[in-house]
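work_18.txt follows (compact mmCIF, C-alpha atoms and all ligand atoms):
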# COMPACT_ATOMS: atom_id res chain seq x y z
CA MET M 4 16.60 -137.97 59.95
CA GLU M 5 14.24 -135.11 59.28
CA ILE M 6 13.77 -131.45 60.10
CA ARG M 7 10.92 -130.73 62.51
CA LEU M 8 9.34 -127.48 63.68
CA LEU M 9 8.15 -126.45 67.15
CA ALA M 10 5.34 -124.23 65.84
CA ASP M 11 4.78 -122.40 69.12
CA LYS M 12 8.40 -121.20 69.10
CA CYS M 13 8.54 -120.11 65.45
CA THR M 14 8.33 -116.34 64.91
CA ILE M 15 8.38 -116.71 61.10
CA CYS M 16 11.47 -114.49 61.02
CA GLY M 17 12.88 -116.06 57.85
CA ALA M 18 16.37 -116.75 59.26
CA CYS M 19 16.09 -120.41 58.26
CA GLU M 20 15.15 -119.51 54.69
CA ALA M 21 18.15 -117.18 54.41
CA ALA M 22 20.52 -119.74 55.91
CA CYS M 23 19.56 -122.71 53.73
CA PRO M 24 22.37 -123.38 51.23
CA TYR M 25 20.04 -125.51 49.05
CA ASP M 26 17.12 -123.05 48.73
CA ALA M 27 14.99 -125.78 50.26
CA VAL M 28 13.13 -123.54 52.73
CA ALA M 29 10.18 -121.32 51.80
CA MET M 30 8.31 -119.29 54.40
CA GLY M 31 4.61 -120.18 54.59
CA ALA M 32 1.94 -118.53 56.72
CA ASP M 33 2.58 -120.97 59.60
CA GLY M 34 6.35 -121.13 59.34
CA PRO M 35 9.00 -122.70 57.14
CA GLU M 36 8.06 -125.31 54.54
CA LEU M 37 10.74 -127.64 53.24
CA SER M 38 11.08 -128.91 49.70
CA GLU M 39 12.66 -132.14 48.50
CA GLU M 40 15.95 -130.27 48.08
CA CYS M 41 16.46 -130.47 51.86
CA THR M 42 19.52 -132.56 52.80
CA VAL M 43 18.96 -132.17 56.55
CA CYS M 44 22.29 -130.36 56.71
CA GLY M 45 21.19 -128.50 59.84
CA ALA M 46 21.99 -124.96 58.65
CA CYS M 47 18.42 -123.86 59.46
CA VAL M 48 18.67 -125.39 62.93
CA GLU M 49 21.84 -123.39 63.60
CA ALA M 50 20.31 -120.18 62.21
CA CYS M 51 16.99 -120.30 64.09
CA PRO M 52 17.17 -117.68 66.87
CA THR M 53 14.31 -119.22 68.87
CA GLU M 54 15.40 -122.87 68.61
CA ALA M 55 12.10 -123.70 66.90
CA ILE M 56 13.75 -126.12 64.46
CA TYR M 57 15.44 -129.40 65.27
CA ILE M 58 16.56 -132.61 63.61
CA ALA M 59 14.68 -135.73 64.62
CA GLY M 60 16.09 -139.22 64.04
CA GLU M 61 14.03 -141.14 61.48
CA LYS M 62 14.67 -144.32 63.46
CA ALA M 63 11.80 -143.10 65.65
CA SER M 64 13.98 -142.91 68.70
CA PRO M 65 11.96 -143.81 71.77
CA GLN M 66 13.84 -141.23 73.81
CA PRO M 67 11.92 -138.13 74.86
CA GLU M 68 11.66 -135.55 72.14
CA PRO M 69 13.46 -132.41 73.21
CA ARG M 70 11.58 -130.73 76.00
CA ASP M 71 8.56 -133.06 75.71
CA ALA M 72 9.23 -134.91 78.91
CA ALA M 73 11.09 -134.24 82.08
CA GLY M 74 13.17 -137.40 82.22
CA ASP M 75 15.15 -138.31 85.30
CA VAL M 76 18.83 -137.74 85.94
CA TRP M 77 20.82 -140.99 85.80
CA VAL M 78 24.23 -141.95 87.08
CA PHE M 79 25.97 -145.11 85.88
CA ALA M 80 26.95 -146.93 89.08
CA GLU M 81 30.21 -148.51 87.96
CA GLN M 82 31.41 -151.21 90.36
CA ARG M 83 34.49 -153.38 90.41
CA GLU M 84 34.56 -156.63 92.35
CA GLY M 85 31.34 -155.57 94.08
CA GLN M 86 32.68 -152.17 95.20
CA LEU M 87 31.38 -148.86 93.93
CA LEU M 88 33.99 -146.54 92.47
CA ASP M 89 34.40 -143.21 94.25
CA VAL M 90 33.57 -141.34 91.04
CA VAL M 91 30.03 -142.79 91.23
CA LEU M 92 29.50 -141.17 94.62
CA GLU M 93 30.97 -137.90 93.33
CA LEU M 94 28.50 -137.99 90.42
CA LEU M 95 25.64 -138.70 92.80
CA GLY M 96 26.37 -135.40 94.56
CA GLU M 97 26.24 -133.47 91.29
CA GLY M 98 23.32 -135.54 89.96
CA ARG M 99 21.34 -134.83 93.15
CA ARG M 100 21.77 -131.10 92.63
CA LEU M 101 20.66 -131.28 88.97
CA ALA M 102 17.69 -133.56 89.74
CA SER M 103 16.49 -131.25 92.51
CA GLU M 104 16.77 -128.19 90.27
CA LEU M 105 14.84 -130.00 87.51
CA GLY M 106 12.29 -131.43 89.96
CA VAL M 107 12.92 -135.02 88.79
CA SER M 108 14.30 -138.16 90.42
CA LEU M 109 17.93 -139.17 90.62
CA ALA M 110 18.39 -142.76 89.49
CA CYS M 111 21.34 -145.12 89.21
CA LEU M 112 21.95 -147.86 86.69
CA LEU M 113 23.78 -150.67 88.48
CA LEU M 114 25.01 -153.65 86.43
CA GLY M 115 26.82 -156.72 87.73
CA ASP M 116 26.29 -160.06 89.38
CA SER M 117 25.50 -160.45 93.08
CA VAL M 118 25.45 -156.71 93.66
CA ASP M 119 22.44 -156.66 95.97
CA HIS M 120 24.48 -154.98 98.71
CA LEU M 121 25.13 -151.85 96.61
CA PRO M 122 21.72 -150.17 96.02
CA GLN M 123 21.37 -149.09 99.66
CA GLU M 124 24.79 -147.41 99.50
CA LEU M 125 23.73 -145.57 96.33
CA ILE M 126 20.50 -144.47 97.99
CA GLU M 127 22.35 -143.23 101.08
CA PHE M 128 24.57 -141.14 98.81
CA GLY M 129 21.55 -139.51 97.13
CA ALA M 130 19.85 -141.84 94.62
CA ASP M 131 16.03 -142.03 94.69
CA LEU M 132 15.87 -145.10 92.45
CA VAL M 133 18.32 -147.82 91.57
CA TYR M 134 17.76 -149.93 88.45
CA VAL M 135 19.64 -153.19 88.93
CA GLY M 136 20.63 -155.34 85.95
CA SER M 137 21.95 -158.57 87.39
CA ALA M 138 23.36 -161.53 85.44
CA PRO M 139 26.47 -163.71 85.62
CA GLU M 140 27.54 -162.34 82.21
CA LEU M 141 27.62 -158.83 83.70
CA LYS M 142 29.93 -159.75 86.58
CA HIS M 143 32.91 -158.01 84.97
CA TYR M 144 32.69 -154.94 82.78
CA ARG M 145 32.65 -155.66 79.06
CA ASP M 146 31.87 -153.23 76.26
CA ASP M 147 29.47 -155.35 74.27
CA LEU M 148 27.02 -156.45 76.97
CA TYR M 149 27.14 -153.32 79.11
CA ALA M 150 26.43 -151.16 76.04
CA GLN M 151 23.47 -153.38 75.08
CA VAL M 152 21.97 -153.25 78.56
CA MET M 153 22.52 -149.53 79.02
CA GLU M 154 20.93 -148.76 75.63
CA HIS M 155 17.96 -150.99 76.47
CA ALA M 156 17.50 -149.40 79.89
CA VAL M 157 17.63 -145.88 78.48
CA ARG M 158 15.09 -146.70 75.77
CA GLN M 159 12.77 -148.18 78.39
CA HIS M 160 13.04 -145.52 81.09
CA ARG M 161 14.03 -142.43 79.06
CA PRO M 162 16.30 -140.38 81.32
CA ALA M 163 16.98 -136.79 80.33
CA ILE M 164 20.57 -136.82 81.60
CA LEU M 165 23.04 -139.70 81.87
CA LEU M 166 26.31 -139.16 83.76
CA ILE M 167 29.15 -141.68 83.54
CA GLY M 168 32.50 -141.72 85.36
CA GLY M 169 35.45 -140.96 83.09
CA THR M 170 37.20 -144.20 84.03
CA ALA M 171 38.80 -146.55 81.51
CA ASN M 172 35.51 -148.47 81.33
CA GLY M 173 33.30 -145.37 81.35
CA ARG M 174 35.29 -143.82 78.51
CA SER M 175 34.79 -146.94 76.46
CA LEU M 176 31.11 -147.42 77.31
CA ALA M 177 29.81 -143.85 76.97
CA PRO M 178 30.57 -143.26 73.26
CA ARG M 179 29.25 -146.70 72.30
CA VAL M 180 25.93 -146.00 74.02
CA ALA M 181 25.73 -142.43 72.72
CA ALA M 182 26.20 -143.71 69.16
CA ARG M 183 23.54 -146.39 69.62
CA LEU M 184 21.11 -143.80 70.97
CA GLU M 185 22.08 -141.18 68.37
CA THR M 186 22.62 -138.60 71.04
CA GLY M 187 25.45 -136.28 72.04
CA LEU M 188 28.21 -136.95 74.54
CA THR M 189 30.55 -134.48 76.22
CA ALA M 190 33.68 -136.09 77.65
CA ASP M 191 35.62 -134.97 80.71
CA CYS M 192 33.17 -132.35 81.97
CA THR M 193 34.31 -130.17 84.85
CA GLY M 194 31.05 -128.35 85.56
CA PHE M 195 27.29 -128.59 84.96
CA ALA M 196 24.48 -126.05 84.97
CA LEU M 197 20.96 -125.86 83.51
CA ASP M 198 19.64 -123.33 81.04
CA GLU M 199 16.16 -121.80 81.23
CA ASP M 200 14.71 -124.72 79.22
CA GLY M 201 16.27 -127.30 81.51
CA ASN M 202 18.98 -128.27 79.00
CA LEU M 203 22.23 -129.41 80.55
CA LEU M 204 25.10 -126.95 80.12
CA GLN M 205 28.21 -129.10 80.04
CA THR M 206 31.51 -127.33 80.63
CA ARG M 207 34.86 -128.86 79.78
CA PRO M 208 38.38 -127.66 78.93
CA ALA M 209 39.03 -127.18 75.22
CA PHE M 210 42.07 -126.39 73.08
CA GLY M 211 44.51 -128.09 75.42
CA GLY M 212 42.95 -126.54 78.49
CA ASN M 213 43.47 -122.97 77.25
CA LEU M 214 39.76 -122.16 77.35
CA MET M 215 36.57 -123.63 78.76
CA ALA M 216 33.79 -124.65 76.35
CA THR M 217 30.15 -124.97 77.38
CA ILE M 218 28.26 -127.52 75.31
CA ARG M 219 24.51 -128.15 75.01
CA CYS M 220 22.63 -131.05 73.47
CA PRO M 221 19.14 -129.53 73.06
CA HIS M 222 17.77 -131.78 70.33
CA HIS M 223 18.57 -135.27 71.55
CA ARG M 224 18.09 -137.25 74.73
CA PRO M 225 19.60 -138.33 76.96
CA GLN M 226 22.21 -135.64 77.37
CA MET M 227 25.30 -137.73 78.08
CA ALA M 228 28.49 -136.66 79.81
CA THR M 229 31.54 -138.25 81.37
CA VAL M 230 33.37 -136.80 84.36
CA ARG M 231 36.81 -137.84 85.55
CA PRO M 232 37.35 -138.92 89.16
CA LYS M 233 37.98 -136.19 91.75
CA VAL M 234 36.36 -133.41 89.73
CA PHE M 235 33.37 -133.17 92.10
CA PRO M 236 33.41 -133.70 95.88
CA LYS M 237 31.85 -136.79 97.37
CA PRO M 238 28.56 -135.90 99.12
CA ALA M 239 27.94 -136.79 102.75
CA ARG M 240 26.36 -140.18 103.32
CA GLN M 241 22.86 -140.16 104.84
CA PRO M 242 22.53 -143.44 106.72
CA GLY M 243 19.03 -144.91 106.60
CA ARG M 244 17.94 -142.81 103.60
CA GLU M 245 15.16 -144.59 101.71
CA GLY M 246 14.74 -145.20 98.00
CA GLN M 247 13.39 -147.66 95.49
CA VAL M 248 15.24 -150.63 93.98
CA ILE M 249 13.90 -151.82 90.61
CA ALA M 250 15.00 -155.00 88.84
CA LEU M 251 15.87 -154.13 85.27
CA GLU M 252 14.37 -156.19 82.50
CA LEU M 253 17.46 -157.29 80.56
CA PRO M 254 17.53 -157.54 76.77
CA GLU M 255 18.86 -160.66 75.09
CA LEU M 256 22.61 -160.45 75.73
CA VAL M 257 24.47 -160.94 72.46
CA PRO M 258 28.24 -161.17 73.05
CA TRP M 259 30.45 -160.09 70.19
CA GLN M 260 33.64 -159.95 72.23
CA ARG M 261 35.44 -163.01 73.54
CA ILE M 262 37.38 -162.57 76.80
CA LEU M 263 40.52 -164.67 76.44
CA GLU M 264 42.13 -163.82 79.76
CA VAL M 265 41.60 -161.45 82.68
CA VAL M 266 44.94 -160.09 83.95
CA GLU M 267 44.93 -158.45 87.37
CA GLU M 268 46.76 -155.11 87.39
CA ALA M 269 50.03 -155.44 89.34
CA ASP M 270 49.79 -153.74 92.73
CA THR M 271 51.92 -150.63 92.23
CA GLY M 272 50.92 -148.86 95.44
CA PRO M 273 48.06 -146.44 96.02
CA ASN M 274 45.66 -145.76 93.18
CA LEU M 275 46.82 -142.62 91.35
CA ALA M 276 43.36 -141.14 90.95
CA GLU M 277 42.46 -141.58 94.60
CA ALA M 278 45.77 -141.03 96.43
CA ASP M 279 46.16 -138.24 98.99
CA ILE M 280 49.78 -137.69 97.97
CA VAL M 281 51.23 -138.04 94.46
CA VAL M 282 54.94 -137.87 93.66
CA ALA M 283 55.43 -137.37 89.93
CA GLY M 284 58.57 -137.40 87.83
CA GLY M 285 59.48 -135.86 84.49
CA ARG M 286 62.25 -135.75 81.92
CA GLY M 287 64.37 -133.52 84.18
CA LEU M 288 65.26 -136.63 86.17
CA GLY M 289 67.54 -137.49 83.30
CA SER M 290 67.35 -141.29 83.35
CA PRO M 291 65.08 -144.22 84.22
CA GLU M 292 67.43 -145.02 87.12
CA ASN M 293 66.79 -141.58 88.62
CA PHE M 294 63.05 -142.15 88.18
CA ARG M 295 63.40 -144.87 90.85
CA LEU M 296 64.08 -141.97 93.28
CA VAL M 297 60.54 -140.76 92.62
CA GLU M 298 59.22 -144.23 93.40
CA GLU M 299 61.28 -144.36 96.60
CA LEU M 300 60.01 -140.97 97.76
CA ALA M 301 56.45 -142.10 96.98
CA SER M 302 57.03 -145.27 98.97
CA VAL M 303 58.23 -143.48 102.13
CA LEU M 304 55.30 -141.05 101.91
CA GLY M 305 52.71 -143.75 101.15
CA ALA M 306 52.03 -141.86 97.92
CA ALA M 307 51.10 -142.86 94.37
CA VAL M 308 53.59 -142.44 91.52
CA GLY M 309 52.74 -140.03 88.70
CA ALA M 310 54.64 -139.10 85.56
CA SER M 311 54.74 -136.66 82.69
CA ARG M 312 54.01 -137.91 79.21
CA SER M 313 57.65 -137.49 78.18
CA VAL M 314 58.84 -140.17 80.56
CA VAL M 315 55.91 -142.46 79.76
CA ASP M 316 56.75 -142.11 76.06
CA ALA M 317 60.39 -142.83 76.91
CA GLY M 318 59.31 -146.06 78.62
CA TRP M 319 60.60 -145.14 82.10
CA VAL M 320 57.17 -145.88 83.60
CA SER M 321 53.90 -147.30 82.28
CA TYR M 322 50.99 -145.28 80.90
CA PRO M 323 48.61 -145.73 83.89
CA HIS M 324 50.95 -143.36 85.78
CA GLN M 325 50.63 -140.52 83.27
CA VAL M 326 49.08 -137.34 84.62
CA GLY M 327 47.57 -134.77 82.30
CA GLN M 328 45.32 -134.13 79.38
CA THR M 329 45.87 -137.56 77.85
CA GLY M 330 46.49 -139.29 81.18
CA ARG M 331 44.79 -139.23 84.56
CA THR M 332 43.35 -136.23 86.37
CA VAL M 333 44.43 -136.14 89.99
CA ALA M 334 43.53 -133.85 92.86
CA PRO M 335 45.55 -135.05 95.84
CA LYS M 336 46.23 -133.10 99.01
CA ILE M 337 49.93 -132.89 98.02
CA TYR M 338 51.40 -133.15 94.49
CA ILE M 339 55.20 -133.23 94.27
CA ALA M 340 56.43 -132.55 90.71
CA CYS M 341 60.07 -133.56 90.20
CA GLY M 342 61.82 -132.46 87.02
CA ILE M 343 58.53 -131.57 85.31
CA SER M 344 58.45 -128.34 83.29
CA GLY M 345 54.73 -127.58 83.73
CA ALA M 346 53.41 -127.82 80.18
CA ILE M 347 49.70 -126.94 79.97
CA GLN M 348 48.85 -130.54 79.01
CA HIS M 349 50.38 -131.71 82.29
CA ILE M 350 48.94 -128.92 84.43
CA VAL M 351 45.31 -129.60 83.42
CA GLY M 352 45.67 -133.00 85.07
CA MET M 353 46.96 -131.85 88.47
CA GLN M 354 46.18 -128.18 88.99
CA SER M 355 43.34 -128.92 91.44
CA SER M 356 45.80 -130.43 93.93
CA ASP M 357 45.60 -128.67 97.32
CA VAL M 358 49.36 -128.16 97.70
CA ILE M 359 51.81 -128.34 94.78
CA VAL M 360 55.52 -128.76 95.48
CA ALA M 361 57.80 -128.31 92.46
CA ILE M 362 61.45 -129.40 92.27
CA ASN M 363 63.16 -128.03 89.18
CA SER M 364 66.67 -126.86 88.32
CA ASP M 365 65.34 -123.97 86.22
CA PRO M 366 64.01 -121.10 88.40
CA ASP M 367 61.92 -119.92 85.42
CA ALA M 368 60.21 -123.27 84.80
CA PRO M 369 56.43 -122.71 84.27
CA ILE M 370 55.59 -125.25 86.99
CA PHE M 371 56.67 -122.68 89.59
CA SER M 372 53.83 -120.35 88.53
CA ILE M 373 51.26 -122.81 89.95
CA ALA M 374 53.41 -124.25 92.76
CA THR M 375 52.61 -123.60 96.40
CA TYR M 376 56.24 -124.35 97.33
CA GLY M 377 59.18 -124.38 94.91
CA ILE M 378 62.61 -125.97 95.35
CA VAL M 379 65.18 -124.84 92.79
CA GLY M 380 67.74 -127.61 92.50
CA LYS M 381 68.66 -130.88 90.87
CA ALA M 382 65.98 -133.46 91.52
CA GLU M 383 68.55 -136.23 91.87
CA GLU M 384 70.04 -134.31 94.83
CA VAL M 385 66.88 -132.88 96.36
CA ILE M 386 64.86 -136.12 96.39
CA PRO M 387 67.44 -138.20 98.33
CA ALA M 388 67.71 -135.34 100.84
CA LEU M 389 63.92 -135.34 101.26
CA ILE M 390 63.90 -139.13 101.68
CA ARG M 391 66.61 -138.92 104.36
CA GLU M 392 64.73 -136.15 106.15
CA ILE M 393 61.39 -138.00 106.10
CA LYS M 394 62.93 -141.30 107.17
CA GLY M 395 64.85 -139.51 109.92
CA SER M 396 61.80 -137.72 111.28
CA SER M 397 59.64 -140.86 111.14
CA SER M 398 62.25 -142.89 113.09
CA GLN M 399 62.48 -140.31 115.89
C1 LIG A 401 47.95 -133.40 72.57
C2 LIG A 401 48.99 -133.47 73.65
C3 LIG A 401 48.67 -134.12 74.80
C4 LIG A 401 49.59 -134.21 75.83
N1 LIG A 401 49.27 -134.83 77.00
C5 LIG A 401 50.15 -134.81 78.04
C6 LIG A 401 49.80 -135.39 79.30
O1 LIG A 401 48.73 -135.98 79.48
N2 LIG A 401 50.68 -135.30 80.29
C7 LIG A 401 51.92 -134.69 80.16
O2 LIG A 401 52.69 -134.65 81.13
N3 LIG A 401 52.28 -134.15 78.97
C8 LIG A 401 51.42 -134.22 77.91
N4 LIG A 401 51.82 -133.70 76.71
C9 LIG A 401 53.22 -133.31 76.54
C10 LIG A 401 53.53 -131.93 77.10
O3 LIG A 401 53.28 -130.95 76.14
C11 LIG A 401 55.02 -131.84 77.52
O4 LIG A 401 55.82 -132.16 76.40
C12 LIG A 401 55.41 -132.77 78.66
O5 LIG A 401 54.51 -132.62 79.75
C13 LIG A 401 56.82 -132.41 79.13
O6 LIG A 401 57.25 -133.36 80.05
P1 LIG A 401 58.38 -132.98 81.12
O7 LIG A 401 57.92 -131.79 81.90
O8 LIG A 401 58.69 -134.23 81.85
O9 LIG A 401 59.62 -132.66 80.21
P2 LIG A 401 60.30 -131.28 79.79
O10 LIG A 401 59.31 -130.35 79.21
O11 LIG A 401 61.47 -131.65 78.98
O12 LIG A 401 60.76 -130.63 81.17
C14 LIG A 401 61.81 -131.10 81.94
C15 LIG A 401 61.99 -130.15 83.10
O13 LIG A 401 62.95 -130.65 83.97
C16 LIG A 401 63.83 -129.60 84.38
N5 LIG A 401 65.10 -130.19 84.72
C17 LIG A 401 66.14 -130.51 83.91
N6 LIG A 401 67.12 -131.09 84.63
C18 LIG A 401 66.71 -131.16 85.90
C19 LIG A 401 67.23 -131.70 87.09
N7 LIG A 401 68.43 -132.29 87.12
N8 LIG A 401 66.51 -131.59 88.23
C20 LIG A 401 65.29 -130.99 88.24
N9 LIG A 401 64.73 -130.48 87.13
C21 LIG A 401 65.42 -130.58 85.96
C22 LIG A 401 63.86 -128.66 83.22
O14 LIG A 401 64.18 -127.36 83.67
C23 LIG A 401 62.44 -128.76 82.69
O15 LIG A 401 61.62 -127.79 83.30
C24 LIG A 401 50.89 -133.61 75.68
C25 LIG A 401 51.19 -132.95 74.49
C26 LIG A 401 50.26 -132.89 73.48
C27 LIG A 401 50.60 -132.14 72.23
The structure in this file should be written as structure tokens.
Amino acid sequence: MEIRLLADKCTICGACEAACPYDAVAMGADGPELSEECTVCGACVEACPTEAIYIAGEKASPQPEPRDAAGDVWVFAEQREGQLLDVVLELLGEGRRLASELGVSLACLLLGDSVDHLPQELIEFGADLVYVGSAPELKHYRDDLYAQVMEHAVRQHRPAILLIGGTANGRSLAPRVAARLETGLTADCTGFALDEDGNLLQTRPAFGGNLMATIRCPHHRPQMATVRPKVFPKPARQPGREGQVIALELPELVPWQRILEVVEEADTGPNLAEADIVVAGGRGLGSPENFRLVEELASVLGAAVGASRSVVDAGWVSYPHQVGQTGRTVAPKIYIACGISGAIQHIVGMQSSDVIVAINSDPDAPIFSIATYGIVGKAEEVIPALIREIKGSSSQ
């Protein structure tokens, strides 16, 4: 790692010299000069008002130096069993907008085995290029090989921005690749913009969702971000849209994980992240037996089952059902919260739902402040009444 200067940006203001805690900076006629005392602590980088100073990796990273090349925008095209995840299409919509604003191409990185049917779908949803890495070893997602291939592809093709779905796999892959590339990663972004230099402004909730932070990664490439499903809308498909499909040159695949067994997830109804209706239960239900009422209501509505962390921690329902800051983010058309207080950590995971129905015995419960409709009452009485009503109306 070393400090480098963009001479054309330096105004020789002396801020770096004043900020250096090691007295390692002396102002010369052409800008700052560093002595051997420099520890590359980055204080001068922070202090520089014109962003003329940056830290470069001594491993001679083959990524573009900041601002030296207009790399493309990339989306990781995560697929399962040969089907693209919806979050990929959502990212293509946002990636298309960023690529157009930057005047670069939008590319996808597609890894798998026998996935030749997917590039055209990616192109019709907005990709200009699709890099396909195909090998039997890549059939199922695995951290070790996917990270190796993604790192290799980035070093070869040098994108400026790399967007990855905030799925279980994406959350595992993104930090591994960011660490290998020595670049920054912002998780769970909810909005993107570009600054005047074309840097990606990555917005995400911070401090438990109480404020929004906007994060930049001006000195390293690619700028990496994950986005949870349902944060961005899916763009319209453009049938017949044309693009380029490029076979990726794969590195030597060196497995360091051994897959002992692949266990299919039990079919527990509609996928929580993609369901149109979610019925979620919380501690107010009082017992695991009463939580079955939530599952029954979900079943008659064709809805997915959600839960607060309290009941997941209590073992009433498994973690994949948890909604909130440390669970899933959902944005269904209807979210029915039963016996859930409305803690901020829960709300950040469901507040984008179109209609929120809250059932709570406490009229002052915080959940009512974001609810479209509120029912004050005991969930164990209200839910059976709703089930009877829905069953009655559907049998008429
Ligand atoms: C770092 C961190 C991350 C977290 N992540 C998450 C997360 O991802 N998701 C999450 O949900 N929480 C999360 N939490 C926990 C969160 O702060 C709350 O503790 C949790 O959401 C509360 O769950 P609850 O609403 O089910 O229970 P409670 O807060 O105990 O609320 C129960 C509610 O039920 C009502 N009630 C009682 N009896 C009845 C009845 N008979 N009928 C109807 N209503 C009744 C009560 O009035 C009350 O409003 C997190 C906390 C931290 C610190």
Practice task
Could you please extract the residues within 8 Å of ligand LIG 401 (chain A), counting only C-alpha atoms and all ligand atoms, and hand them back as a PyMOL selection string?
Solution key: chain M and resi 211+284-289+310-314+325-331+341-350+352+362-370+379-384
Handout entry: Nearest candidate to M:Met215 (options M:Val351, M:Val257, M:Val282, M:Ala181; using only C-alpha atoms)
Key = M:Val351
Fill in the blank from the handout: Residue with the minimum atom-to-atom distance to M:Cys220, picked from M:Val265, M:Leu112, M:Ala50, M:Ile58 with all atoms listed in the file counted, is M:Ile58
Exercise for the section: Grab the atom CA of M:Arg224 to atom CA of M:Asp75 distance for me, in Å with one decimal place. Expected result: 11.0 Å
Taking 5 positions as the minimum chain separation for residues in the same chain, which residues sit within 10 Å of M:Leu105 when counting only C-alpha atoms? Answer as a short mmCIF file (atom, residue, chain, number, x, y, z; two decimals) with C-alpha atoms, in the coordinates of the input.
data_model
loop_
_atom_site.label_atom_id
_atom_site.label_comp_id
_atom_site.auth_asym_id
_atom_site.auth_seq_id
_atom_site.Cartn_x
_atom_site.Cartn_y
_atom_site.Cartn_z
CA ALA M 73 11.09 -134.24 82.08
CA GLY M 74 13.17 -137.40 82.22
CA ASP M 75 15.15 -138.31 85.30
CA VAL M 76 18.83 -137.74 85.94
CA ARG M 99 21.34 -134.83 93.15
CA ARG M 100 21.77 -131.10 92.63
CA LEU M 197 20.96 -125.86 83.51
CA ASP M 200 14.71 -124.72 79.22
CA GLY M 201 16.27 -127.30 81.51
CA ASN M 202 18.98 -128.27 79.00
#
Problem - Minimum-distance residue to M:Ile373, chosen among M:Ser356, M:Ser321, M:Ser38, M:Gln159 (using all atoms listed in the file) - result: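 Going through M:Ser356, M:Ser321, M:Ser38, M:Gln159 one by one, the smallest distance to M:Ile373 is for M:Ser356.
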Handout entry: Nearest to M:Thr189, chosen from M:Arg7, M:Arg231, M:His155, M:Arg240, with only C-alpha atoms counted in the distances
Key =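 Selected residue with least distance to M:Thr189: M:Arg231.
Using all atoms listed in the file, the smallest distance between any of M:Pro52, M:Gly305, M:Pro178, M:Pro225 and M:Ala163 comes from M:Pro225.
Minimum distance to M:Leu94 across M:Lys142, M:Glu20, M:Asp198, M:Val234 (counting only C-alpha atoms) occurs at M:Val234.
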Practice task
Grab the atom CA of M:Ala250 to atom CA of M:Leu141 distance for me, in Å with one decimal place.
Solution key: 14.2 Å
Practice task
State, in Å with one decimal place, the distance from atom CA of M:Asp89 to atom CA of M:Pro242.
Solution key: 17.2 Å
Give the padded box for stretch 36-55 of chain M as lines of an AutoDock Vina configuration file: axis-aligned, covering all atoms listed in the file, 5 Å on each side, centre and edge lengths in Å to one decimal.
center_x = 15.2
center_y = -125.1
center_z = 58.5
size_x = 24.2
size_y = 24.9
size_z = 30.8
Exercise for the section: Compile the contact shell of M:Leu256 as a PyMOL selection string: residues with an atom at most 9 Å away, counting only C-alpha atoms, same-chain residues fewer than 2 positions apart removed. Expected result: chain M and resi 140+147-148+151-152+253-254+258
Just want the 10 Å neighbourhood of M:Asp26, counted on all atoms listed in the file, with same-chain residues fewer than 2 positions away dropped. Output as a PDB file with C-alpha atoms, in the frame of the given file.
ATOM      1  CA  CYS M  19      16.090-120.410  58.260  1.00  0.00           C
ATOM      2  CA  GLU M  20      15.150-119.510  54.690  1.00  0.00           C
ATOM      3  CA  ALA M  21      18.150-117.180  54.410  1.00  0.00           C
ATOM      4  CA  ALA M  22      20.520-119.740  55.910  1.00  0.00           C
ATOM      5  CA  CYS M  23      19.560-122.710  53.730  1.00  0.00           C
ATOM      6  CA  PRO M  24      22.370-123.380  51.230  1.00  0.00           C
ATOM      7  CA  VAL M  28      13.130-123.540  52.730  1.00  0.00           C
ATOM      8  CA  ALA M  29      10.180-121.320  51.800  1.00  0.00           C
ATOM      9  CA  LEU M  37      10.740-127.640  53.240  1.00  0.00           C
ATOM     10  CA  SER M  38      11.080-128.910  49.700  1.00  0.00           C
ATOM     11  CA  GLU M  40      15.950-130.270  48.080  1.00  0.00           C
ATOM     12  CA  CYS M  41      16.460-130.470  51.860  1.00  0.00           C
TER      13      CYS M  41
END
Practice task
Do a neighbour search on M:Ala334 at 7 Å with all atoms listed in the file, toss out local chain neighbours closer than 4 positions, and write the hits as a PyMOL selection string.
Solution key: chain M and resi 233+353+355-356
